[in-house]
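K.L.:
Following this message is one structure expressed as structure tokens.
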Amino acid sequence: MNKSNIKPLAQQIMTANRLKDGTVVYFTGSRWSTEIHEALVSDDNEGLEKEALKNIENEDLISVELIKVDANKSQLAPLTMREKIRSTGPTIRC
Amino acid sequence: MINLKIIDLLPADALKSENTNLLENISPKILSAPKIILNFPTFMDGRAFSQARRLKRAGFKGDLIASGDIGADQARQYALVGFSSLHFDRPHDPKVIKNNLMQYPVSYQKFNADSKVIYENRLNKKTAQLLSGGGSFSG
Amino acid sequence: MYQYDAYDHNILAQRTAEFRDQVQRRLDGELTEEEFRPMRLANGVYLQLHAYMLRVAIPYGTFTSNQLRKFAYIGREYDRGYGHFTTRQNIQFNWPKLIDIPDILEDLASVEMHAIQTSGNCIRNTTADQLAGVAVDEVADPRPYAEIIRQWSTLHPEFANLPRKFKIAITGSEHDRAAIKFHDIGLEIKKTDQGNIGFKVLVGGGLGRTPIIGSVIKGFLPEKHLLSYLEAILRAYNLDGRRDNKYKARIKILVLENGIETYRETVEKEWQEILQENYTDLPIAAQKLIFKHFEPPEYDHKPKSIISFDDYYKDQKDFARWINNNMHDHKVVGYAAITISLKPIGGIPGDISSNQMDTLAGLADIYSLGEIRSTHEQNLVLAHVHKDDLPALWRDLDAIDLATPNHGLVSDIIACPGLDYCALANARSIPLAQEISNRFDDPARAEEIGELKIKISGCINACAHHHVGHIGILGVDKKGKEAYQLMLGGSANENASIGKITGRGFSENEIIDAIETVIETYLKIRNDGEIFIDTYNRLGMEPFKEVLYD
């Protein structure tokens with residue numbers, strides 16, 4: 001079997017911005033955290049989204065979306081450059 | 001304060017003008033209609049603001065009704081361009097509409113012989129005294 | 001400079017109260033995000049990658065030292081100690097909290113500033129020549145007209161939901177420092193042989209996905225009819241501009257699809273109707289009231305510097321360099337305008353710290369009548385400095401790292417915020433600008449290269465005007481990786497042209513070398529006295545292509 005042909009299921013996490021201050025947050029499975037490493041990783045998009053949306057009401061969140069991550073690395077990392085920068089801040093200032 | 005009616009039902013006898021109608025040439029039939037409805041198909045579609053201006057300029061004296069995806073926070077805007085009635089698609093708070101209509105008693109723009117415009121107040125001796133210094137005033 | 005009266009103040013006070021109420025209703029859940037979004041955008045509040053962003057309008061790029069101190073305060077109090085000057089002569093703050101924004105707007109209103117119409121599909125901040133009122137080549141000062149447009153366009157109820165955003169630029173000089181050919185409406189002040197003032201009106205210019213040079217719609221518009229004619233253009237566009245496709249919604253597409261002749265006829269017909277109504281144009285007396293604010297200041301110079309300009313120029317090489325590159329002629333003998341570069345070597349184009357802002361405000365008070373200008377090239381200008389004071393000013397600016405002598409040179413780069421901040425970007429812009437700036441950090445080499453405009457956009461929306469850079473760079477997303485297209489030959493001034501793509505794009509690691517290759521090639525093949533754009537115009541793309549892709 002040709003190994004390179006096996007595509008692992010896309011691992012995803014849920015992210016959003018807080019309404020009151022815009023802060024980037026991630027869904028941990030029970031709450032929303034500012035730490036990406038606390039995010040709940042799942043290949044069940046619909047289930048993850050459903051669970052996250054259940055936990056939105058009291059949080060006042062906007063721009064809620066699923067993003068793809070690489071969960072195989074020691075540290076959880078988004079796949080796109082956009083989400084990498086979104087999780088760590090501008091690359092030009094600390 | 002500006003007068004603006006909020007209506008729950010669109011009158012059946014009103015003339016409906018298509019949102020794509022540029023109203024470049026306005027027929028006597030349209031001008032003499034008692035009521036005309038202009039439509040905002042989405043909140044972002046502001047064509048009916050200009051359509052209202054053209055109808056009023058042509059001399060339309062009847063009830064000009066804004067309908068569709070309109071906002072309570074924009075009530076004054078509809079009134080200024082010539083609408084006399086609003087018909088909302090979405091829930092709206094009468095308090096917000098009332099507050100909105102009381103805001104900005106004078107504008108930078110003039111739309112008809114009666115509208116209160118800042119540049120005229122600046123030239124009028126009575127109101128020109130407000131020119132000096134900052135602060136705010138009422139009325 | 002324009003000073004608010006009670007009417008202007010009252011409009012701002014009401015607007016601030018209105019937005020405070022809207023924010024509260026949003027937080028209380030009375031407004032949905034869908035309902036609230038257009039309200040916050042109408043007040044300059046975006047949601048970016050990491051946080052909200054607040055864009056503050058600087059009408060025609062002119063502001064006072066007190067206003068600059070307020071920017072410094074806002075940066076320190078509500079943000080992270082800095083602000084960012086944009087290509088629309090505005091300033092934006094990258095980290096405000098939504099719950100703080102009503103307070104920020106109140107602070108701004110206290111110094112006659114606001115964020116109205118800095119976003120959304122409305123008439124945006126009118127931009128102008130940064131040397132307005134002092135340029136030696138000026139027919140007339142564009143600022144009073146820009147102020148007339150500001151007032152007319154502020155909270156204009158009819159034009160709040162146009163098909164797309166709408167940008168107006170105005171210049172009083174034939175040499176165009178305001179890029180009027182790339183605006184929805186461009187205005188150039190003209191004077192007839194009889195001494196009558198009016199405007200050449202251009203329409204339908206723009207960048208973005210479809211870069212187009214504006215067409216002349218009216219050769220000479222008498223000044224008293226400025227607003228009625230603008231209103232005719234806007235109304236025709238509001239009614240007939242495309243709304244089916246966001247990327248075809250700018251007025252340039254309407255003009256392109258109908259042809260300028262047809263569009264001119266439509267506008268002319270509407271204009272005649274507006275003239276008959278006679279509500280829109282300002283009466284002469286009202287216009288005069290606005291002009292009063294822009295009477296030339298009194299230039300009664302009392303020397304503040306004990307150093308002789310000539311001696312200092314001879315002895316101090318860095319000062320001489322700064323004078324050669326950053327000083328501009330002034331219509332009053334003995335005075336000069338100075339560009340304060342916001343492009344320190346390796347720095348972030350357009351960024352300035354709150355501490356720098358505070359010190360600069362003090363310097364503007366001492367040396368330049370308390371007034372500062374912002375430019376569409378993301379720099380600042382002090383427009384009224386006596387030449388005797390330049391040595392002292394230079395030393396004070398140098399002490400806060402604001403004396404980089406690179407105006408118009410290779411490191412004076414325009415860059416949009418790019419993927420470091422922007423939710424729309426495909427690639428980063430700022431790190432590229434920093435690398436180019438570092439690569440060409442030798443000021444002698446930069447002067448040898450001469451005038452060169454590099455512009456870097458992180459996506460096709462072209463906020464950094466890459467199409468009109470002598471060298472333009474466009475960031476794209478190539479299978480999840482940042483990549484860059486290279487363009488040559490653009491120009492935003494009176495000899496407007498749109499750059500051409502060199503060929504296949506470059507990776508993040510290749511693009512800086514590619515730019516250096518282009519510049520080195522130009523140095524080899526240029527004739528005496530040529531700047532980069534001259535050589536490109538003479539020889540075209542070929543010599544550059546050959547070395548880039550051999």
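Labels used: A, B, ... for chains in the order of the structure tokens, numbers from 1 for residues in each chain, and numbers from 1 for ligands as shown.
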With a cut-off of 9 Å and counting only C-alpha atoms, select all residues of chain C in contact with chain B and give the selection as a ChimeraX atom specification.
P.N.:
/C:4-11,13-15,18,22,35,38-39,121,151-163,235-236,238-240,243,270,273-274,277,279-280,282-283,285-287,289
K.L.:
Got a sec to pull out which chain C residues are within 7 Å of chain A, counting only C-alpha atoms, and send them as a list in words?
P.N.:
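Written out as asked, the residues are Leu49, His50, Ala51, Tyr52, Lys97, Leu98, Ile99, Leu419, Asp420, Tyr421, Pro431 and Gly480 of chain C.
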K.L.:
CA of Val201 in chain C to CA of Glu223 in chain C: how many Å, to one decimal?
P.N.:
11.2 Å
K.L.:
Would you give me, as a list in words, the residues in chain A that DSSP reads as strand (DSSP E)?
P.N.:
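Of chain A, only Gln11, Gln12, Ile13, Met14, Thr15, Ala16, Asn17, Arg18, Val24, Val25, Tyr26, Phe27, Trp32, Ser33, Leu61, Ile62, Ser63, Val64, Glu65, Leu66, Ile67, Lys68, Val69, Asp70, Ala77 and Pro78 of chain A fall in strand (DSSP E).
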K.L.:
Report, in Å with one decimal, the straight-line distance from CA of Lys317 in chain C to CA of Ile471 in chain C.
P.N.:
28.9 Å
K.L.:
Just list the residues in range 227-298 of chain C DSSP gives helix (DSSP H, G or I) on the backbone, as a PDB file with C-alpha atoms, in the first residue's frame.
P.N.:
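Result saved to part_20.pdb:
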```
ATOM      1  CA  LEU C 227     -20.944  69.955  -4.394  1.00  0.00           C
ATOM      2  CA  SER C 228     -23.777  69.831  -6.919  1.00  0.00           C
ATOM      3  CA  TYR C 229     -21.537  68.099  -9.422  1.00  0.00           C
ATOM      4  CA  LEU C 230     -20.215  65.622  -6.849  1.00  0.00           C
ATOM      5  CA  GLU C 231     -23.805  64.910  -5.845  1.00  0.00           C
ATOM      6  CA  ALA C 232     -24.738  64.220  -9.473  1.00  0.00           C
ATOM      7  CA  ILE C 233     -21.863  61.731  -9.804  1.00  0.00           C
ATOM      8  CA  LEU C 234     -22.761  60.045  -6.524  1.00  0.00           C
ATOM      9  CA  ARG C 235     -26.498  59.822  -7.254  1.00  0.00           C
ATOM     10  CA  ALA C 236     -25.966  58.310 -10.683  1.00  0.00           C
ATOM     11  CA  TYR C 237     -23.584  55.790  -9.130  1.00  0.00           C
ATOM     12  CA  ASN C 238     -25.844  54.984  -6.186  1.00  0.00           C
ATOM     13  CA  LEU C 239     -28.748  54.240  -8.511  1.00  0.00           C
ATOM     14  CA  ASP C 240     -26.931  52.377 -11.237  1.00  0.00           C
ATOM     15  CA  LYS C 246     -18.648  43.010  -4.739  1.00  0.00           C
ATOM     16  CA  TYR C 247     -15.647  43.058  -7.038  1.00  0.00           C
ATOM     17  CA  LYS C 248     -17.494  44.930  -9.769  1.00  0.00           C
ATOM     18  CA  ILE C 251     -17.688  53.289  -9.793  1.00  0.00           C
ATOM     19  CA  LYS C 252     -14.740  52.440 -12.068  1.00  0.00           C
ATOM     20  CA  ILE C 253     -16.649  49.401 -13.354  1.00  0.00           C
ATOM     21  CA  LEU C 254     -19.807  51.462 -14.011  1.00  0.00           C
ATOM     22  CA  VAL C 255     -17.731  53.961 -16.000  1.00  0.00           C
ATOM     23  CA  LEU C 256     -15.872  51.175 -17.777  1.00  0.00           C
ATOM     24  CA  GLU C 257     -19.005  49.250 -18.734  1.00  0.00           C
ATOM     25  CA  ASN C 258     -21.012  52.294 -19.877  1.00  0.00           C
ATOM     26  CA  ILE C 260     -17.130  57.685 -20.065  1.00  0.00           C
ATOM     27  CA  GLU C 261     -19.223  59.492 -22.710  1.00  0.00           C
ATOM     28  CA  THR C 262     -22.487  57.857 -21.642  1.00  0.00           C
ATOM     29  CA  TYR C 263     -21.689  58.269 -17.986  1.00  0.00           C
ATOM     30  CA  ARG C 264     -20.854  61.947 -18.519  1.00  0.00           C
ATOM     31  CA  GLU C 265     -24.258  62.488 -20.183  1.00  0.00           C
ATOM     32  CA  THR C 266     -26.071  60.795 -17.302  1.00  0.00           C
ATOM     33  CA  VAL C 267     -24.216  62.910 -14.762  1.00  0.00           C
ATOM     34  CA  GLU C 268     -24.738  66.109 -16.770  1.00  0.00           C
ATOM     35  CA  LYS C 269     -28.490  65.535 -16.926  1.00  0.00           C
ATOM     36  CA  GLU C 270     -28.714  64.893 -13.189  1.00  0.00           C
ATOM     37  CA  TRP C 271     -26.502  67.890 -12.475  1.00  0.00           C
ATOM     38  CA  GLN C 272     -28.815  70.263 -14.373  1.00  0.00           C
ATOM     39  CA  GLU C 273     -31.713  69.066 -12.228  1.00  0.00           C
ATOM     40  CA  ILE C 274     -29.736  69.606  -9.029  1.00  0.00           C
ATOM     41  CA  LEU C 275     -28.745  73.098 -10.177  1.00  0.00           C
ATOM     42  CA  GLN C 276     -32.397  73.998 -10.677  1.00  0.00           C
ATOM     43  CA  GLU C 277     -33.259  72.780  -7.195  1.00  0.00           C
ATOM     44  CA  ILE C 284     -20.742  82.142  -1.590  1.00  0.00           C
ATOM     45  CA  ALA C 285     -21.065  83.620   1.903  1.00  0.00           C
ATOM     46  CA  ALA C 286     -21.080  80.148   3.497  1.00  0.00           C
ATOM     47  CA  GLN C 287     -18.085  79.149   1.422  1.00  0.00           C
ATOM     48  CA  LYS C 288     -16.267  82.275   2.590  1.00  0.00           C
ATOM     49  CA  LEU C 289     -16.796  81.265   6.231  1.00  0.00           C
ATOM     50  CA  ILE C 290     -14.943  78.031   5.558  1.00  0.00           C
ATOM     51  CA  PHE C 291     -12.181  79.740   3.607  1.00  0.00           C
ATOM     52  CA  LYS C 292     -11.513  82.027   6.576  1.00  0.00           C
TER      53      LYS C 292
END
```
K.L.:
Which residues come within 10 Å of Gln75 in chain A, counting only C-alpha atoms, excluding same-chain residues fewer than 5 positions away, as JSON, numbers by chain?
P.N.:
{"A": [36, 37, 70]}
K.L.:
For the selection just defined, write its residues with C-alpha atoms to a file, as an mmCIF file, in the first residue's frame.
P.N.:
```cif
data_model
loop_
_atom_site.group_PDB
_atom_site.id
_atom_site.type_symbol
_atom_site.label_atom_id
_atom_site.label_comp_id
_atom_site.auth_asym_id
_atom_site.auth_seq_id
_atom_site.Cartn_x
_atom_site.Cartn_y
_atom_site.Cartn_z
ATOM 1 C CA ILE A 36 -4.775 27.305 21.792
ATOM 2 C CA HIS A 37 -3.097 24.302 23.478
ATOM 3 C CA ASP A 70 -1.908 19.565 12.936
#
```
K.L.:
State, in Å with one decimal place, the distance from CA of Ile58 in chain C to CA of Asn90 in chain C.
P.N.:
5.0 Å
K.L.:
Do you know which residues are at most 12 Å from Asp103 in chain C counting only C-alpha atoms, after dropping those on the same chain fewer than 4 positions away, and could you put them as a list in words?
P.N.:
Ala13, Thr16, Ala17, Phe19, Arg20, Asp21, Val23, Ile74, Glu77, Tyr78, Pro96, Lys97, Leu98, Ile99, Asp107, Leu108, Ala109, Ser110 and His114 of chain C
K.L.:
Can you write just those residues out, all heavy atoms, as a compact mmCIF listing (two decimals), in the first residue's frame?
P.N.:
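Okay, this is what ended up in result_23.txt:
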```txt
# COMPACT_ATOMS: atom_id res chain seq x y z
N ALA C 13 -20.90 65.11 19.20
CA ALA C 13 -21.41 64.70 20.52
C ALA C 13 -22.57 63.73 20.35
O ALA C 13 -22.66 62.70 21.03
CB ALA C 13 -21.84 65.93 21.31
N THR C 16 -21.35 60.31 19.02
CA THR C 16 -20.69 59.50 20.04
C THR C 16 -21.74 58.87 20.97
O THR C 16 -21.66 57.69 21.29
CB THR C 16 -19.72 60.39 20.86
OG1 THR C 16 -18.87 61.07 19.94
CG2 THR C 16 -18.87 59.55 21.78
N ALA C 17 -22.72 59.68 21.36
CA ALA C 17 -23.78 59.16 22.24
C ALA C 17 -24.56 58.05 21.52
O ALA C 17 -24.90 57.01 22.12
CB ALA C 17 -24.71 60.30 22.64
N PHE C 19 -23.47 56.00 19.20
CA PHE C 19 -22.70 54.77 19.11
C PHE C 19 -22.55 54.11 20.49
O PHE C 19 -22.58 52.88 20.61
CB PHE C 19 -21.32 55.02 18.49
CG PHE C 19 -20.59 53.73 18.17
CD1 PHE C 19 -21.16 52.79 17.32
CD2 PHE C 19 -19.35 53.45 18.71
CE1 PHE C 19 -20.50 51.60 17.01
CE2 PHE C 19 -18.68 52.26 18.41
CZ PHE C 19 -19.26 51.34 17.57
N ARG C 20 -22.45 54.93 21.53
CA ARG C 20 -22.38 54.36 22.88
C ARG C 20 -23.64 53.53 23.15
O ARG C 20 -23.58 52.41 23.66
CB ARG C 20 -22.25 55.49 23.92
CG ARG C 20 -21.98 54.99 25.33
CD ARG C 20 -21.90 56.13 26.33
NE ARG C 20 -20.69 56.93 26.21
CZ ARG C 20 -19.48 56.57 26.68
NH1 ARG C 20 -19.35 55.42 27.30
NH2 ARG C 20 -18.45 57.35 26.54
N ASP C 21 -24.78 54.09 22.75
CA ASP C 21 -26.05 53.38 22.93
C ASP C 21 -26.08 52.09 22.09
O ASP C 21 -26.54 51.05 22.55
CB ASP C 21 -27.19 54.34 22.52
CG ASP C 21 -28.54 53.64 22.48
OD1 ASP C 21 -28.96 53.15 23.54
OD2 ASP C 21 -29.15 53.57 21.39
N VAL C 23 -23.49 50.26 21.07
CA VAL C 23 -22.58 49.26 21.67
C VAL C 23 -23.28 48.61 22.86
O VAL C 23 -23.25 47.38 23.03
CB VAL C 23 -21.25 49.92 22.11
CG1 VAL C 23 -20.42 48.95 22.96
CG2 VAL C 23 -20.44 50.35 20.89
N ILE C 74 -4.46 57.92 23.49
CA ILE C 74 -5.29 56.76 23.15
C ILE C 74 -4.43 55.52 22.97
O ILE C 74 -4.75 54.44 23.45
CB ILE C 74 -6.13 57.06 21.89
CG1 ILE C 74 -7.21 58.10 22.23
CG2 ILE C 74 -6.77 55.80 21.30
CD1 ILE C 74 -7.87 58.72 21.02
N GLU C 77 -3.34 54.54 26.55
CA GLU C 77 -4.40 54.21 27.50
C GLU C 77 -5.22 52.99 27.05
O GLU C 77 -5.58 52.14 27.85
CB GLU C 77 -5.31 55.43 27.63
CG GLU C 77 -6.23 55.43 28.83
CD GLU C 77 -5.48 55.57 30.14
OE1 GLU C 77 -4.31 56.00 30.11
OE2 GLU C 77 -6.06 55.21 31.18
N TYR C 78 -5.51 52.90 25.77
CA TYR C 78 -6.44 51.88 25.29
C TYR C 78 -5.80 50.86 24.37
O TYR C 78 -6.45 49.92 23.94
CB TYR C 78 -7.60 52.54 24.53
CG TYR C 78 -8.40 53.53 25.33
CD1 TYR C 78 -8.26 54.89 25.12
CD2 TYR C 78 -9.31 53.10 26.30
CE1 TYR C 78 -9.00 55.81 25.84
CE2 TYR C 78 -10.06 54.00 27.02
CZ TYR C 78 -9.90 55.37 26.79
OH TYR C 78 -10.64 56.26 27.50
N PRO C 96 -7.86 48.09 20.32
CA PRO C 96 -8.86 48.61 21.29
C PRO C 96 -9.90 47.54 21.61
O PRO C 96 -10.17 46.65 20.81
CB PRO C 96 -9.50 49.77 20.52
CG PRO C 96 -9.40 49.35 19.09
CD PRO C 96 -8.12 48.58 18.97
N LYS C 97 -10.47 47.64 22.82
CA LYS C 97 -11.58 46.76 23.19
C LYS C 97 -12.87 47.44 22.77
O LYS C 97 -13.01 48.66 22.93
CB LYS C 97 -11.61 46.55 24.70
CG LYS C 97 -10.38 45.86 25.26
CD LYS C 97 -10.55 45.69 26.78
CE LYS C 97 -9.49 44.78 27.33
NZ LYS C 97 -8.44 45.50 28.05
N LEU C 98 -13.83 46.67 22.31
CA LEU C 98 -15.11 47.26 21.90
C LEU C 98 -15.72 48.08 23.04
O LEU C 98 -16.24 49.17 22.81
CB LEU C 98 -16.09 46.16 21.46
CG LEU C 98 -17.47 46.65 21.02
CD1 LEU C 98 -17.39 47.53 19.79
CD2 LEU C 98 -18.42 45.48 20.78
N ILE C 99 -15.62 47.55 24.25
CA ILE C 99 -16.25 48.24 25.38
C ILE C 99 -15.59 49.60 25.67
O ILE C 99 -16.19 50.44 26.33
CB ILE C 99 -16.24 47.37 26.69
CG1 ILE C 99 -14.86 46.78 26.89
CG2 ILE C 99 -17.29 46.28 26.61
CD1 ILE C 99 -14.70 46.08 28.22
N ASP C 107 -13.09 60.91 23.74
CA ASP C 107 -11.79 61.58 23.82
C ASP C 107 -11.45 62.27 22.50
O ASP C 107 -10.98 63.40 22.48
CB ASP C 107 -10.68 60.56 24.13
CG ASP C 107 -10.72 60.09 25.58
OD1 ASP C 107 -11.19 60.87 26.43
OD2 ASP C 107 -10.30 58.95 25.85
N LEU C 108 -11.70 61.56 21.40
CA LEU C 108 -11.40 62.13 20.09
C LEU C 108 -12.27 63.36 19.83
O LEU C 108 -11.80 64.38 19.34
CB LEU C 108 -11.65 61.09 18.99
CG LEU C 108 -10.61 59.98 18.87
CD1 LEU C 108 -11.11 58.88 17.95
CD2 LEU C 108 -9.28 60.52 18.36
N ALA C 109 -13.57 63.26 20.17
CA ALA C 109 -14.48 64.38 19.92
C ALA C 109 -14.03 65.62 20.68
O ALA C 109 -14.22 66.74 20.21
CB ALA C 109 -15.90 63.99 20.32
N SER C 110 -13.39 65.41 21.83
CA SER C 110 -12.94 66.57 22.63
C SER C 110 -11.86 67.36 21.89
O SER C 110 -11.61 68.52 22.21
CB SER C 110 -12.44 66.12 23.99
OG SER C 110 -11.18 65.49 23.88
N HIS C 114 -12.81 62.20 14.94
CA HIS C 114 -13.82 61.14 14.98
C HIS C 114 -13.39 59.99 14.07
O HIS C 114 -12.35 60.06 13.41
CB HIS C 114 -15.16 61.69 14.50
CG HIS C 114 -15.09 62.23 13.10
ND1 HIS C 114 -15.10 61.40 12.00
CD2 HIS C 114 -14.98 63.48 12.63
CE1 HIS C 114 -15.01 62.14 10.92
NE2 HIS C 114 -14.92 63.40 11.26
```
K.L.:
Which one of A:Ala77, A:Val64, A:Ala10, A:Ala16 sits closest to Ser42 in chain A if you count only C-alpha atoms?
P.N.:
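Ranking A:Ala77, A:Val64, A:Ala10, A:Ala16 by distance to Ser42 in chain A, first place goes to A:Ala10.
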K.L.:
Show me, as a ChimeraX atom specification, the residues that have an atom within 8 Å of Leu4 in chain B when counting only C-alpha atoms, minus same-chain residues fewer than 3 positions from it.
P.N.:
/B:79,83-86
